[in-house]
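Working notes, structure below.
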Amino acid sequence: MTAEIDRETPKPATMVEGILDEREMRKARREKVDRIAKFVLPVLVMALTVLAWYLVVKINNIQHYILPGPGLVFETLVKDYKVLFDALQITLLITFAALGIAVVGGVGLAVLFAQSKWVEMSFFPYAIIMQVTPVIVVAPLIFIYVSSKIVGLLICAWIVAFFPILSNTTLGLNSVDHNLRNLFELYGASRWQTLLYLRLPASLPYFLGGLRIAGGLALIGAIVAEFVAGTGGVGSGLAFTILEASYRLNIPLMFAAILLISATGIAIFAATTLVSHLLLRKWHESALKREN
Amino acid sequence: MTASAAGAATGVAASAAPIVSLKNISKTFSNGTVALHDMSLDVYEGQFVSLLGPSGCGKSTALRIVAGLGSPTAGKVAWANDRLGVGSAQQHEIGFVFQEPTLMPWATVYKNVWTPLRIKGVSLKAARDEVMGALELVGLADFADAYPRELSGGMKMRVSIARALVTRPKVLLMDEPFAALDEITRFKLNDDVLYLWENLGWTVLFVTHSVFESVYLSNRLVVMAARPGRVVDDIAIDAPYPRDETFRTSDVYNQFCRTASDALHAAMDASAEP
């Protein structure tokens with residue numbers, strides 16, 4: 001008895017130009033161009049936008065307290081590095097702490113829900129209520145009841161970040177192939193074994209999808225809550241930097257802070273996408289490259 | 001039909017106790033469907049029994065009840081060496097092969113085959129000989145580190161079989177395992193299963209809707225009718241093993257296929273449409 005050796009793995013084609021037909025060659029060329037364009041085009045658009053921005057400011061002679069040019073924003077970024085960096089650290093701290101608690105809490109609650117339909121039925125509606133009530137209307141209350149500003153910010157960021165993790169992980173835990181469940185039942189697997197060996201791995205792609213959303217939301221939660229919290233002093237994040245700069249009509253600083261927030265959001269998204277890719281690349285459809 | 005008749009028909013001494021018997025099994029689902037009505041079947045050690053019947057005749061339901069994955073509404077499943085009186089694979093040393101390969105996509109072939117042992121508390125390393133032995137039996141030892149997605153449909157099914165035999169079961173339950181495969185792959189896997197059955201001393205209960213497959217594989221063919229699901233015929237396929245391609249084109253094979261086909265048609269006529 002021998003194995004069929006028709007492994008269906010996409011082979012890294014040892015491409016010999018002459019062997020490919022016209023159509024395949026065109027396809028290969030197009031793919032190559034697409035790969036480059038994917039990176040070049042957004043950068044090009046960015047460069048053109050900055051150039052247009054520069055020209056608009058320059059030609060119309062717009063004052064820096066209305067619209068600063070890109071040069072001045074960059075200058076501020078360097079000059080006010082200390083202020084911005086300190087604020088960024090606070091914002092990052094809150095964002096990641098909230099995300100961490102959201103991951104632990106969301107997954108923990110999802111596992112609890114998965115163990116008992118009754119618990120899920122009892123509490124899931126409240127998780128939804130927490131999600132659909134805008135954090136900005138709840139935040140003032142939180143800051144009344146919580147004396148520490150950092151803790152208040154943390155709670156707000158957590159509220160918005162935890163729901164996608166909870167809901168996605170719950171979905172994942174309940175999406176296990178029923179034959180695999182039967183298999184585990186057949187061999188007398190305990191509830192704990194089924195969870196650990198089957199349901200948690202099966203829910204990983206769903207969890208990671210939730211994590212990607214939650215990462216961005218944690219940042220938004222941290223920023224929005226700080227706008228509500230208002231007062232400055234020690235331990236103020238980028239939102240407060242923006243508020244303060246707006247009072248003083250320091251538009252370049254506002255732009256610099258916004259730039260940092262966007263960059264942070266992009267970095268978080270990139271990081272969670274990378275983690276997701278690394279964990280799923282071996283087996284999940286979403287991370288696989290296909291020949292056709 | 002009676003148990004002793006089936007035993008006599010298949011050349012097994014009627015005095016030998018069946019390894020598993022379904023005693024007057026009935027199954028009604030909560031939506032009112034009567035899947036099985038008063039089904040009795042004695043399976044003797046070493047038999048290769050095919051359950052053949054039109055869809056809806058409850059053959060898969062019967063198999064799941066034997067596996068302990070479903071409970072009968074009435075009747076019971078009796079095992080020859082019932083230690084705990086509980087119908088779980090652990091106690092009765094059952095292997096089960098599903099319609100689909102049912103592999104965990106995140107785990108390598110090795111880890112998929114290890115899973116039944118893992119549940120029993122055998123560590124990855126301690127299971128090495130058993131797992132590699134099972135993979136060797138299905139000819140996939142070189143693919144231990146591959147992921148299921150890298151395998152063809154036939155190879156996935158082999159992994160599924162390796163997983164079923166890694167616990168060295170006495171009884172192998174197969175639920176239309178090759179229905180989704182192309183004919184050439186199916187023929188190959190038929191031969192592989194026969195080879196394993198002959199060499200490992202299994203008793204096989206094989207659900208199928210293919211007359212040709214059931215005749216080729218089994219030495220006993222149980223024909224079922226639907227609405228309600230019940231046994232209507234029990235045919236002994238008295239052709240010697242090992243069977244191969246020459247058997248597939250022989251007159252004896254054709255004769256049995258005709259008999260089985262007639263029995264299946266009679267069963268379909270007896271399956272009143274709702």
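Here's how to read the names in the structure tokens: chain A, B, ... by the order shown, residue numbers from 1 in each chain, ligand numbers from 1 in the order shown.
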**OP:** For Gly265 in chain A, please output as a count of residues only all residues within 6 Å (counting only C-alpha atoms; exclusion window: fewer than 3 positions along the same chain).
**Re:** 3
For range 50-67 of chain A, work out the shell of residues within 12 Å, counting only C-alpha atoms and skipping chain neighbours fewer than 2 positions away, then give it as a PDB file with N, CA and C atoms, in the first residue's frame.
ATOM      1  N   VAL A  43       1.718  55.343  -1.522  1.00  0.00           N
ATOM      2  CA  VAL A  43       2.799  56.281  -1.198  1.00  0.00           C
ATOM      3  C   VAL A  43       2.762  57.478  -2.144  1.00  0.00           C
ATOM      4  N   LEU A  44       2.497  57.184  -3.413  1.00  0.00           N
ATOM      5  CA  LEU A  44       2.411  58.235  -4.414  1.00  0.00           C
ATOM      6  C   LEU A  44       1.269  59.198  -4.092  1.00  0.00           C
ATOM      7  N   VAL A  45       0.112  58.654  -3.759  1.00  0.00           N
ATOM      8  CA  VAL A  45      -1.055  59.474  -3.418  1.00  0.00           C
ATOM      9  C   VAL A  45      -0.720  60.356  -2.214  1.00  0.00           C
ATOM     10  N   MET A  46      -0.060  59.746  -1.225  1.00  0.00           N
ATOM     11  CA  MET A  46       0.342  60.493  -0.029  1.00  0.00           C
ATOM     12  C   MET A  46       1.261  61.655  -0.405  1.00  0.00           C
ATOM     13  N   ALA A  47       2.254  61.369  -1.235  1.00  0.00           N
ATOM     14  CA  ALA A  47       3.207  62.394  -1.630  1.00  0.00           C
ATOM     15  C   ALA A  47       2.501  63.532  -2.362  1.00  0.00           C
ATOM     16  N   LEU A  48       1.590  63.177  -3.258  1.00  0.00           N
ATOM     17  CA  LEU A  48       0.867  64.196  -4.016  1.00  0.00           C
ATOM     18  C   LEU A  48      -0.016  65.040  -3.109  1.00  0.00           C
ATOM     19  N   GLY A  69       1.490  74.608   7.021  1.00  0.00           N
ATOM     20  CA  GLY A  69       1.999  73.760   5.937  1.00  0.00           C
ATOM     21  C   GLY A  69       2.592  72.482   6.497  1.00  0.00           C
ATOM     22  N   PRO A  70       2.811  71.506   5.633  1.00  0.00           N
ATOM     23  CA  PRO A  70       3.374  70.239   6.089  1.00  0.00           C
ATOM     24  C   PRO A  70       4.746  70.405   6.737  1.00  0.00           C
ATOM     25  N   GLY A  71       5.509  71.352   6.247  1.00  0.00           N
ATOM     26  CA  GLY A  71       6.844  71.598   6.804  1.00  0.00           C
ATOM     27  C   GLY A  71       6.773  72.005   8.257  1.00  0.00           C
ATOM     28  N   LEU A  72       5.835  72.923   8.553  1.00  0.00           N
ATOM     29  CA  LEU A  72       5.700  73.437   9.917  1.00  0.00           C
ATOM     30  C   LEU A  72       5.204  72.354  10.870  1.00  0.00           C
ATOM     31  N   VAL A  73       4.286  71.502  10.365  1.00  0.00           N
ATOM     32  CA  VAL A  73       3.779  70.401  11.195  1.00  0.00           C
ATOM     33  C   VAL A  73       4.932  69.477  11.575  1.00  0.00           C
ATOM     34  N   PHE A  74       5.757  69.168  10.598  1.00  0.00           N
ATOM     35  CA  PHE A  74       6.893  68.284  10.848  1.00  0.00           C
ATOM     36  C   PHE A  74       7.866  68.933  11.825  1.00  0.00           C
ATOM     37  N   THR A  76       7.104  71.094  14.124  1.00  0.00           N
ATOM     38  CA  THR A  76       6.497  71.036  15.456  1.00  0.00           C
ATOM     39  C   THR A  76       6.673  69.659  16.071  1.00  0.00           C
ATOM     40  N   ALA A 245      -3.983  72.579  22.791  1.00  0.00           N
ATOM     41  CA  ALA A 245      -3.448  73.282  21.630  1.00  0.00           C
ATOM     42  C   ALA A 245      -4.542  74.084  20.937  1.00  0.00           C
ATOM     43  N   SER A 246      -5.765  73.543  20.950  1.00  0.00           N
ATOM     44  CA  SER A 246      -6.855  74.258  20.283  1.00  0.00           C
ATOM     45  C   SER A 246      -7.233  75.519  21.051  1.00  0.00           C
ATOM     46  N   TYR A 247      -7.139  75.453  22.394  1.00  0.00           N
ATOM     47  CA  TYR A 247      -7.428  76.657  23.184  1.00  0.00           C
ATOM     48  C   TYR A 247      -6.422  77.753  22.852  1.00  0.00           C
ATOM     49  N   ARG A 248      -5.190  77.317  22.621  1.00  0.00           N
ATOM     50  CA  ARG A 248      -4.129  78.298  22.367  1.00  0.00           C
ATOM     51  C   ARG A 248      -3.925  78.564  20.871  1.00  0.00           C
ATOM     52  N   LEU A 249      -4.860  78.075  20.066  1.00  0.00           N
ATOM     53  CA  LEU A 249      -4.768  78.214  18.610  1.00  0.00           C
ATOM     54  C   LEU A 249      -3.429  77.735  18.060  1.00  0.00           C
ATOM     55  N   ASN A 250      -2.867  76.721  18.736  1.00  0.00           N
ATOM     56  CA  ASN A 250      -1.605  76.147  18.265  1.00  0.00           C
ATOM     57  C   ASN A 250      -1.927  75.031  17.269  1.00  0.00           C
ATOM     58  N   ILE A 251      -2.336  75.479  16.068  1.00  0.00           N
ATOM     59  CA  ILE A 251      -2.809  74.518  15.061  1.00  0.00           C
ATOM     60  C   ILE A 251      -1.717  73.515  14.649  1.00  0.00           C
ATOM     61  N   PRO A 252      -0.463  73.962  14.472  1.00  0.00           N
ATOM     62  CA  PRO A 252       0.569  72.995  14.104  1.00  0.00           C
ATOM     63  C   PRO A 252       0.680  71.855  15.112  1.00  0.00           C
ATOM     64  N   LEU A 253       0.569  72.158  16.401  1.00  0.00           N
ATOM     65  CA  LEU A 253       0.661  71.122  17.429  1.00  0.00           C
ATOM     66  C   LEU A 253      -0.528  70.161  17.335  1.00  0.00           C
ATOM     67  N   MET A 254      -1.714  70.739  17.017  1.00  0.00           N
ATOM     68  CA  MET A 254      -2.890  69.881  16.837  1.00  0.00           C
ATOM     69  C   MET A 254      -2.646  68.876  15.711  1.00  0.00           C
ATOM     70  N   PHE A 255      -2.132  69.421  14.593  1.00  0.00           N
ATOM     71  CA  PHE A 255      -1.848  68.538  13.461  1.00  0.00           C
ATOM     72  C   PHE A 255      -0.832  67.454  13.843  1.00  0.00           C
TER      73      PHE A 255
END
**OP:** Work out how far apart CA of Ala134 in chain B and CA of Pro101 in chain B are and give it in Å to one decimal.
**Re:**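 These atoms are spaced 15.7 Å apart.
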**OP:** Would you kindly return, as JSON, numbers by chain, each protein, DNA or RNA residue with an atom no farther than 8 Å from any atom of Gly221 in chain A, considering only C-alpha atoms and excluding same-chain residues fewer than 6 positions away?
**Re:** {"A": [95, 135, 153, 156, 157, 158, 159, 160, 161]}
Subject >> Neighbour list for Asp262 in chain B as a list in words, cut-off 12 Å, only C-alpha atoms, skip fewer than 5 positions in-chain >> reply: Gly53, Val211, Val223, Asp233, Ile235, Gln255, Phe256, Cys257, Ala267, Met268 and Asp269 of chain B
**OP:** Write out as a ChimeraX atom specification every residue belonging to chain B that has an atom at most 10 Å from any atom of chain A, counting only C-alpha atoms.
**Re:** /B:64,67-70,87-91,93-108,115-121,136-143,146-155,158,164,167,185,188-189,191-192,195
Mind dumping the selected residues with C-alpha atoms as a PDB file, in the first residue's frame?
ATOM      1  CA  ARG B  64     -24.404   6.572  15.656  1.00  0.00           C
ATOM      2  CA  ALA B  67     -21.162   4.440  18.691  1.00  0.00           C
ATOM      3  CA  GLY B  68     -23.005   5.935  21.636  1.00  0.00           C
ATOM      4  CA  LEU B  69     -23.430   9.257  19.837  1.00  0.00           C
ATOM      5  CA  GLY B  70     -27.182   8.950  19.911  1.00  0.00           C
ATOM      6  CA  GLY B  87     -21.788   3.034  25.277  1.00  0.00           C
ATOM      7  CA  SER B  88     -18.618   5.028  24.832  1.00  0.00           C
ATOM      8  CA  ALA B  89     -15.762   4.308  22.478  1.00  0.00           C
ATOM      9  CA  GLN B  90     -13.304   4.128  25.340  1.00  0.00           C
ATOM     10  CA  GLN B  91     -15.067   1.193  26.910  1.00  0.00           C
ATOM     11  CA  GLU B  93     -12.747   0.070  21.736  1.00  0.00           C
ATOM     12  CA  ILE B  94     -14.596   1.565  18.808  1.00  0.00           C
ATOM     13  CA  GLY B  95     -13.107   3.508  15.948  1.00  0.00           C
ATOM     14  CA  PHE B  96     -15.356   5.811  13.960  1.00  0.00           C
ATOM     15  CA  VAL B  97     -14.788   7.170  10.474  1.00  0.00           C
ATOM     16  CA  PHE B  98     -17.092   9.980   9.436  1.00  0.00           C
ATOM     17  CA  GLN B  99     -18.487  10.889   6.053  1.00  0.00           C
ATOM     18  CA  GLU B 100     -15.986  13.727   5.791  1.00  0.00           C
ATOM     19  CA  PRO B 101     -12.360  13.407   6.867  1.00  0.00           C
ATOM     20  CA  THR B 102     -13.212  15.596   9.893  1.00  0.00           C
ATOM     21  CA  LEU B 103      -9.648  16.695  10.573  1.00  0.00           C
ATOM     22  CA  MET B 104      -8.588  19.670  12.643  1.00  0.00           C
ATOM     23  CA  PRO B 105      -7.154  22.111  10.077  1.00  0.00           C
ATOM     24  CA  TRP B 106      -4.847  23.784  12.595  1.00  0.00           C
ATOM     25  CA  ALA B 107      -3.085  20.562  13.523  1.00  0.00           C
ATOM     26  CA  THR B 108      -0.584  18.524  11.544  1.00  0.00           C
ATOM     27  CA  THR B 115      -5.914  13.296  19.231  1.00  0.00           C
ATOM     28  CA  PRO B 116      -7.725  10.142  20.465  1.00  0.00           C
ATOM     29  CA  LEU B 117      -4.635   9.174  22.473  1.00  0.00           C
ATOM     30  CA  ARG B 118      -4.229  12.740  23.702  1.00  0.00           C
ATOM     31  CA  ILE B 119      -7.751  12.624  25.094  1.00  0.00           C
ATOM     32  CA  LYS B 120      -6.744   9.442  26.908  1.00  0.00           C
ATOM     33  CA  GLY B 121      -3.820  11.311  28.422  1.00  0.00           C
ATOM     34  CA  GLU B 136       2.448   3.699   8.205  1.00  0.00           C
ATOM     35  CA  LEU B 137      -0.552   1.395   7.910  1.00  0.00           C
ATOM     36  CA  VAL B 138      -2.326   3.923   5.705  1.00  0.00           C
ATOM     37  CA  GLY B 139       0.873   4.781   3.833  1.00  0.00           C
ATOM     38  CA  LEU B 140       1.199   8.331   5.081  1.00  0.00           C
ATOM     39  CA  ALA B 141       4.222   8.146   7.383  1.00  0.00           C
ATOM     40  CA  ASP B 142       6.038  10.691   5.200  1.00  0.00           C
ATOM     41  CA  PHE B 143       3.239  13.188   5.671  1.00  0.00           C
ATOM     42  CA  ALA B 146       1.880  18.110   6.710  1.00  0.00           C
ATOM     43  CA  TYR B 147      -1.276  20.075   7.362  1.00  0.00           C
ATOM     44  CA  PRO B 148      -4.613  18.660   6.189  1.00  0.00           C
ATOM     45  CA  ARG B 149      -4.993  21.370   3.547  1.00  0.00           C
ATOM     46  CA  GLU B 150      -1.873  20.095   1.829  1.00  0.00           C
ATOM     47  CA  LEU B 151      -3.432  16.672   1.256  1.00  0.00           C
ATOM     48  CA  SER B 152      -5.772  15.378  -1.429  1.00  0.00           C
ATOM     49  CA  GLY B 153      -9.254  14.165  -0.550  1.00  0.00           C
ATOM     50  CA  GLY B 154      -8.144  10.542  -0.530  1.00  0.00           C
ATOM     51  CA  MET B 155      -5.166  11.255   1.688  1.00  0.00           C
ATOM     52  CA  ARG B 158      -6.539   7.954   5.072  1.00  0.00           C
ATOM     53  CA  ALA B 164      -9.638   5.665  13.959  1.00  0.00           C
ATOM     54  CA  THR B 167      -6.427   3.292  19.535  1.00  0.00           C
ATOM     55  CA  THR B 185      -9.569   6.902  -5.168  1.00  0.00           C
ATOM     56  CA  LYS B 188      -7.966   2.275  -3.818  1.00  0.00           C
ATOM     57  CA  LEU B 189      -9.315   3.030  -0.362  1.00  0.00           C
ATOM     58  CA  ASP B 191      -8.648  -2.172  -1.047  1.00  0.00           C
ATOM     59  CA  ASP B 192      -6.800  -0.459   1.773  1.00  0.00           C
ATOM     60  CA  TYR B 195      -6.235  -5.048   3.711  1.00  0.00           C
TER      61      TYR B 195
END
Subject >> DSSP alpha helix (DSSP H) residues within range 88-176 of chain B, as a ChimeraX atom specification >> reply: /B:89-92,109-119,128-137,153-165
